[in-house]
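For reference, entry_25.txt (compact mmCIF, N, CA and C atoms):
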```txt
# COMPACT_ATOMS: atom_id res chain seq x y z
N MET A 1 163.56 78.66 115.33
CA MET A 1 163.67 80.10 115.45
C MET A 1 162.31 80.72 115.80
N ASP A 2 161.26 80.21 115.15
CA ASP A 2 159.92 80.73 115.45
C ASP A 2 159.53 80.48 116.90
N ALA A 3 159.90 79.30 117.41
CA ALA A 3 159.57 78.98 118.80
C ALA A 3 160.29 79.93 119.76
N ALA A 4 161.56 80.19 119.49
CA ALA A 4 162.32 81.10 120.34
C ALA A 4 161.73 82.51 120.29
N LEU A 5 161.35 82.95 119.11
CA LEU A 5 160.75 84.27 118.97
C LEU A 5 159.44 84.34 119.74
N SER A 6 158.64 83.30 119.65
CA SER A 6 157.38 83.26 120.38
C SER A 6 157.61 83.37 121.89
N MET A 7 158.62 82.65 122.38
CA MET A 7 158.94 82.72 123.80
C MET A 7 159.40 84.12 124.20
N ILE A 8 160.22 84.73 123.38
CA ILE A 8 160.72 86.08 123.67
C ILE A 8 159.57 87.08 123.70
N VAL A 9 158.66 86.98 122.75
CA VAL A 9 157.52 87.89 122.71
C VAL A 9 156.64 87.69 123.95
N THR A 10 156.42 86.45 124.33
CA THR A 10 155.63 86.16 125.54
C THR A 10 156.30 86.76 126.76
N LEU A 11 157.60 86.59 126.89
CA LEU A 11 158.32 87.16 128.02
C LEU A 11 158.26 88.68 128.01
N ALA A 12 158.40 89.28 126.83
CA ALA A 12 158.33 90.74 126.72
C ALA A 12 156.96 91.25 127.13
N GLN A 13 155.91 90.56 126.73
CA GLN A 13 154.56 90.97 127.11
C GLN A 13 154.38 90.91 128.62
N GLU A 14 154.82 89.80 129.21
CA GLU A 14 154.70 89.65 130.66
C GLU A 14 155.51 90.71 131.40
N LEU A 15 156.71 90.99 130.91
CA LEU A 15 157.56 91.99 131.55
C LEU A 15 156.92 93.37 131.48
N MET A 16 156.34 93.71 130.34
CA MET A 16 155.72 95.03 130.20
C MET A 16 154.52 95.18 131.12
N VAL A 17 153.71 94.15 131.22
CA VAL A 17 152.57 94.20 132.15
C VAL A 17 153.07 94.38 133.57
N LEU A 18 154.08 93.64 133.93
CA LEU A 18 154.64 93.75 135.28
C LEU A 18 155.19 95.15 135.56
N ARG A 19 155.91 95.71 134.61
CA ARG A 19 156.47 97.06 134.79
C ARG A 19 155.37 98.10 134.96
N GLU A 20 154.31 97.98 134.15
CA GLU A 20 153.21 98.94 134.24
C GLU A 20 152.50 98.84 135.59
N ARG A 21 152.26 97.61 136.04
CA ARG A 21 151.59 97.43 137.33
C ARG A 21 152.47 97.90 138.49
N LEU A 22 153.75 97.63 138.42
CA LEU A 22 154.66 98.08 139.47
C LEU A 22 154.72 99.61 139.51
N ASP A 23 154.78 100.23 138.36
CA ASP A 23 154.78 101.69 138.29
C ASP A 23 153.50 102.25 138.92
N SER A 24 152.37 101.65 138.58
CA SER A 24 151.09 102.11 139.15
C SER A 24 151.09 101.95 140.67
N ALA A 25 151.54 100.80 141.15
CA ALA A 25 151.56 100.56 142.59
C ALA A 25 152.47 101.54 143.30
N GLU A 26 153.63 101.79 142.75
CA GLU A 26 154.56 102.73 143.37
C GLU A 26 153.97 104.13 143.42
N ARG A 27 153.28 104.55 142.37
CA ARG A 27 152.68 105.89 142.36
C ARG A 27 151.56 106.01 143.40
N VAL A 28 150.73 104.98 143.49
CA VAL A 28 149.64 105.01 144.48
C VAL A 28 150.21 105.04 145.89
N LEU A 29 151.17 104.19 146.15
CA LEU A 29 151.75 104.11 147.49
C LEU A 29 152.51 105.38 147.86
N ALA A 30 153.19 105.97 146.91
CA ALA A 30 153.91 107.21 147.19
C ALA A 30 152.96 108.32 147.62
N LYS A 31 151.76 108.34 147.06
CA LYS A 31 150.75 109.33 147.47
C LYS A 31 150.39 109.18 148.94
N HIS A 32 150.54 107.97 149.45
CA HIS A 32 150.19 107.71 150.85
C HIS A 32 151.42 107.59 151.74
N ASN A 33 152.57 108.04 151.22
CA ASN A 33 153.82 108.03 151.98
C ASN A 33 154.19 106.65 152.53
N ILE A 34 154.02 105.62 151.71
CA ILE A 34 154.37 104.26 152.11
C ILE A 34 155.70 103.88 151.48
N ASP A 35 156.63 103.41 152.32
CA ASP A 35 157.94 102.96 151.87
C ASP A 35 157.81 101.54 151.32
N VAL A 36 157.63 101.44 150.01
CA VAL A 36 157.37 100.16 149.36
C VAL A 36 158.48 99.16 149.58
N ALA A 37 159.73 99.59 149.43
CA ALA A 37 160.85 98.66 149.56
C ALA A 37 160.88 98.00 150.93
N ALA A 38 160.70 98.78 151.98
CA ALA A 38 160.71 98.22 153.33
C ALA A 38 159.53 97.28 153.55
N GLU A 39 158.38 97.65 153.03
CA GLU A 39 157.19 96.80 153.18
C GLU A 39 157.37 95.47 152.46
N ILE A 40 157.96 95.50 151.28
CA ILE A 40 158.18 94.27 150.52
C ILE A 40 159.18 93.37 151.24
N GLU A 41 160.25 93.94 151.75
CA GLU A 41 161.26 93.15 152.46
C GLU A 41 160.67 92.49 153.70
N ALA A 42 159.71 93.14 154.35
CA ALA A 42 159.12 92.62 155.59
C ALA A 42 157.95 91.67 155.33
N LEU A 43 157.50 91.60 154.10
CA LEU A 43 156.33 90.80 153.77
C LEU A 43 156.59 89.30 153.95
N GLU A 44 155.67 88.64 154.65
CA GLU A 44 155.73 87.19 154.83
C GLU A 44 154.42 86.61 154.30
N LEU A 45 154.54 85.71 153.34
CA LEU A 45 153.36 85.12 152.72
C LEU A 45 152.95 83.84 153.44
N ASP A 46 151.64 83.61 153.52
CA ASP A 46 151.17 82.36 154.11
C ASP A 46 151.11 81.28 153.02
N GLU A 47 150.77 80.06 153.40
CA GLU A 47 150.76 78.94 152.46
C GLU A 47 149.81 79.17 151.29
N GLU A 48 148.66 79.73 151.56
CA GLU A 48 147.69 79.99 150.49
C GLU A 48 148.26 80.98 149.47
N GLN A 49 148.91 82.01 149.94
CA GLN A 49 149.50 83.00 149.05
C GLN A 49 150.67 82.40 148.25
N LEU A 50 151.49 81.59 148.91
CA LEU A 50 152.59 80.93 148.22
C LEU A 50 152.07 79.97 147.15
N THR A 51 151.00 79.26 147.48
CA THR A 51 150.38 78.34 146.52
C THR A 51 149.84 79.11 145.32
N ALA A 52 149.21 80.25 145.57
CA ALA A 52 148.67 81.07 144.48
C ALA A 52 149.81 81.56 143.57
N ARG A 53 150.91 81.95 144.17
CA ARG A 53 152.06 82.40 143.37
C ARG A 53 152.60 81.26 142.52
N GLU A 54 152.68 80.08 143.11
CA GLU A 54 153.20 78.93 142.36
C GLU A 54 152.27 78.58 141.19
N LYS A 55 150.96 78.65 141.41
CA LYS A 55 150.01 78.39 140.32
C LYS A 55 150.18 79.41 139.20
N ALA A 56 150.37 80.66 139.56
CA ALA A 56 150.58 81.71 138.56
C ALA A 56 151.88 81.48 137.81
N ARG A 57 152.91 81.06 138.52
CA ARG A 57 154.21 80.77 137.90
C ARG A 57 154.07 79.63 136.89
N GLN A 58 153.38 78.56 137.30
CA GLN A 58 153.20 77.42 136.41
C GLN A 58 152.36 77.79 135.19
N ALA A 59 151.34 78.62 135.37
CA ALA A 59 150.53 79.07 134.24
C ALA A 59 151.38 79.87 133.26
N PHE A 60 152.26 80.68 133.79
CA PHE A 60 153.17 81.46 132.95
C PHE A 60 154.08 80.53 132.14
N PHE A 61 154.67 79.54 132.81
CA PHE A 61 155.54 78.61 132.10
C PHE A 61 154.77 77.80 131.06
N ASP A 62 153.53 77.46 131.36
CA ASP A 62 152.71 76.75 130.38
C ASP A 62 152.51 77.60 129.12
N ARG A 63 152.28 78.89 129.30
CA ARG A 63 152.14 79.78 128.14
C ARG A 63 153.47 79.94 127.41
N LEU A 64 154.53 80.06 128.17
CA LEU A 64 155.85 80.27 127.58
C LEU A 64 156.30 79.09 126.74
N PHE A 65 156.07 77.89 127.24
CA PHE A 65 156.54 76.69 126.55
C PHE A 65 155.44 75.97 125.77
N PHE A 66 154.35 76.66 125.48
CA PHE A 66 153.20 76.05 124.80
C PHE A 66 153.59 75.41 123.47
N ILE A 67 154.32 76.14 122.65
CA ILE A 67 154.68 75.63 121.32
C ILE A 67 155.56 74.39 121.44
N GLN A 68 156.52 74.41 122.35
CA GLN A 68 157.40 73.25 122.51
C GLN A 68 156.61 72.03 122.99
N LYS A 69 155.68 72.23 123.91
CA LYS A 69 154.86 71.11 124.39
C LYS A 69 153.99 70.56 123.27
N GLN A 70 153.45 71.46 122.47
CA GLN A 70 152.61 71.04 121.35
C GLN A 70 153.43 70.23 120.34
N ARG A 71 154.61 70.71 120.00
CA ARG A 71 155.47 69.99 119.06
C ARG A 71 155.89 68.64 119.61
N ARG A 72 156.22 68.59 120.89
CA ARG A 72 156.61 67.31 121.50
C ARG A 72 155.46 66.32 121.44
N ALA A 73 154.25 66.77 121.75
CA ALA A 73 153.09 65.89 121.70
C ALA A 73 152.88 65.36 120.28
N GLU A 74 153.05 66.22 119.29
CA GLU A 74 152.91 65.78 117.90
C GLU A 74 153.97 64.75 117.54
N LEU A 75 155.21 64.99 117.97
CA LEU A 75 156.28 64.03 117.69
C LEU A 75 156.03 62.69 118.38
N GLU A 76 155.60 62.74 119.63
CA GLU A 76 155.33 61.51 120.37
C GLU A 76 154.18 60.74 119.73
N GLU A 77 153.21 61.46 119.22
CA GLU A 77 152.06 60.82 118.58
C GLU A 77 152.49 60.09 117.31
N ASN A 78 153.46 60.65 116.59
CA ASN A 78 153.92 60.07 115.33
C ASN A 78 155.05 59.07 115.51
N GLN A 79 155.61 58.99 116.71
CA GLN A 79 156.74 58.10 116.96
C GLN A 79 156.26 56.66 117.10
N THR A 80 156.86 55.78 116.33
CA THR A 80 156.59 54.35 116.44
C THR A 80 157.92 53.62 116.57
N PHE A 81 157.85 52.38 116.94
CA PHE A 81 159.07 51.58 117.05
C PHE A 81 159.72 51.43 115.68
N GLU A 82 158.91 51.30 114.66
CA GLU A 82 159.43 51.17 113.30
C GLU A 82 160.16 52.44 112.86
N SER A 83 159.60 53.59 113.16
CA SER A 83 160.26 54.84 112.78
C SER A 83 161.56 55.03 113.56
N TYR A 84 161.58 54.55 114.78
CA TYR A 84 162.80 54.59 115.59
C TYR A 84 163.89 53.74 114.94
N LEU A 85 163.53 52.50 114.56
CA LEU A 85 164.50 51.62 113.91
C LEU A 85 164.99 52.19 112.59
N GLU A 86 164.09 52.81 111.85
CA GLU A 86 164.47 53.44 110.59
C GLU A 86 165.48 54.56 110.81
N THR A 87 165.27 55.35 111.85
CA THR A 87 166.21 56.43 112.17
C THR A 87 167.58 55.85 112.56
N ILE A 88 167.59 54.79 113.34
CA ILE A 88 168.84 54.15 113.73
C ILE A 88 169.59 53.64 112.50
N GLN A 89 168.86 53.06 111.56
CA GLN A 89 169.48 52.56 110.33
C GLN A 89 170.06 53.72 109.51
N LYS A 90 169.35 54.83 109.43
CA LYS A 90 169.84 56.00 108.68
C LYS A 90 171.13 56.53 109.30
N VAL A 91 171.16 56.58 110.63
CA VAL A 91 172.37 57.03 111.33
C VAL A 91 173.52 56.08 111.04
N ALA A 92 173.25 54.77 111.10
CA ALA A 92 174.29 53.77 110.85
C ALA A 92 174.85 53.87 109.43
N ARG A 93 173.99 54.19 108.46
CA ARG A 93 174.42 54.33 107.07
C ARG A 93 175.09 55.68 106.81
N GLY A 94 174.93 56.60 107.74
CA GLY A 94 175.50 57.93 107.55
C GLY A 94 174.57 58.88 106.79
N ASP A 95 173.30 58.50 106.66
CA ASP A 95 172.33 59.35 105.97
C ASP A 95 171.91 60.56 106.82
N ILE A 96 172.13 60.45 108.10
CA ILE A 96 171.75 61.55 109.00
C ILE A 96 173.00 62.03 109.70
```
Go ahead and render the structure in this file as structure tokens.
Amino acid sequence: MDAALSMIVTLAQELMVLRERLDSAERVLAKHNIDVAAEIEALELDEEQLTAREKARQAFFDRLFFIQKQRRAELEENQTFESYLETIQKVARGDI
């Protein structure tokens, strides 16, 4: 539950920043009589710009899933063949 809440808070923070920046951009552009929607639809990004967007997207996902990655690393560090066999035995006995 804590992990899900952390992800939701991270998403909410990112969304709020995005909304504020979009609002600012729309206000600035409106002062200059620029049709933002048409400009966005016509926008074509080059490879460098697409790569930058992908890096930003991956950084966002890294922040979003940080806790899950950390927990997985901890579990993998503690996982041994013996602990695996012990878990299988517990399942077979009905303890789990």
The centre and edge lengths of an axis-aligned box containing all atoms of region 78-84 of chain A present in the file, extended by 8 Å on each side, are to be given in Å to one decimal, as JSON.
```
{"center_x": 158.7, "center_y": 55.9, "center_z": 114.9, "size_x": 26.4, "size_y": 25.5, "size_z": 20.3}
```
Those of chain A in DSSP helix (DSSP H, G or I), formatted as a VMD selection string: chain A and resid 2 to 31 36 to 42 47 to 64 66 to 78 81 to 93
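One finds CA of Met7 (chain A) at 27.0 Å from CA of Gln49 (chain A).
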d(CA of Phe65 (chain A), CA of Ser24 (chain A)) in Å: 28.9 Å
Atom-to-atom span, CA of Leu50 (chain A) and atom C of Leu64 (chain A), Å: 21.9 Å
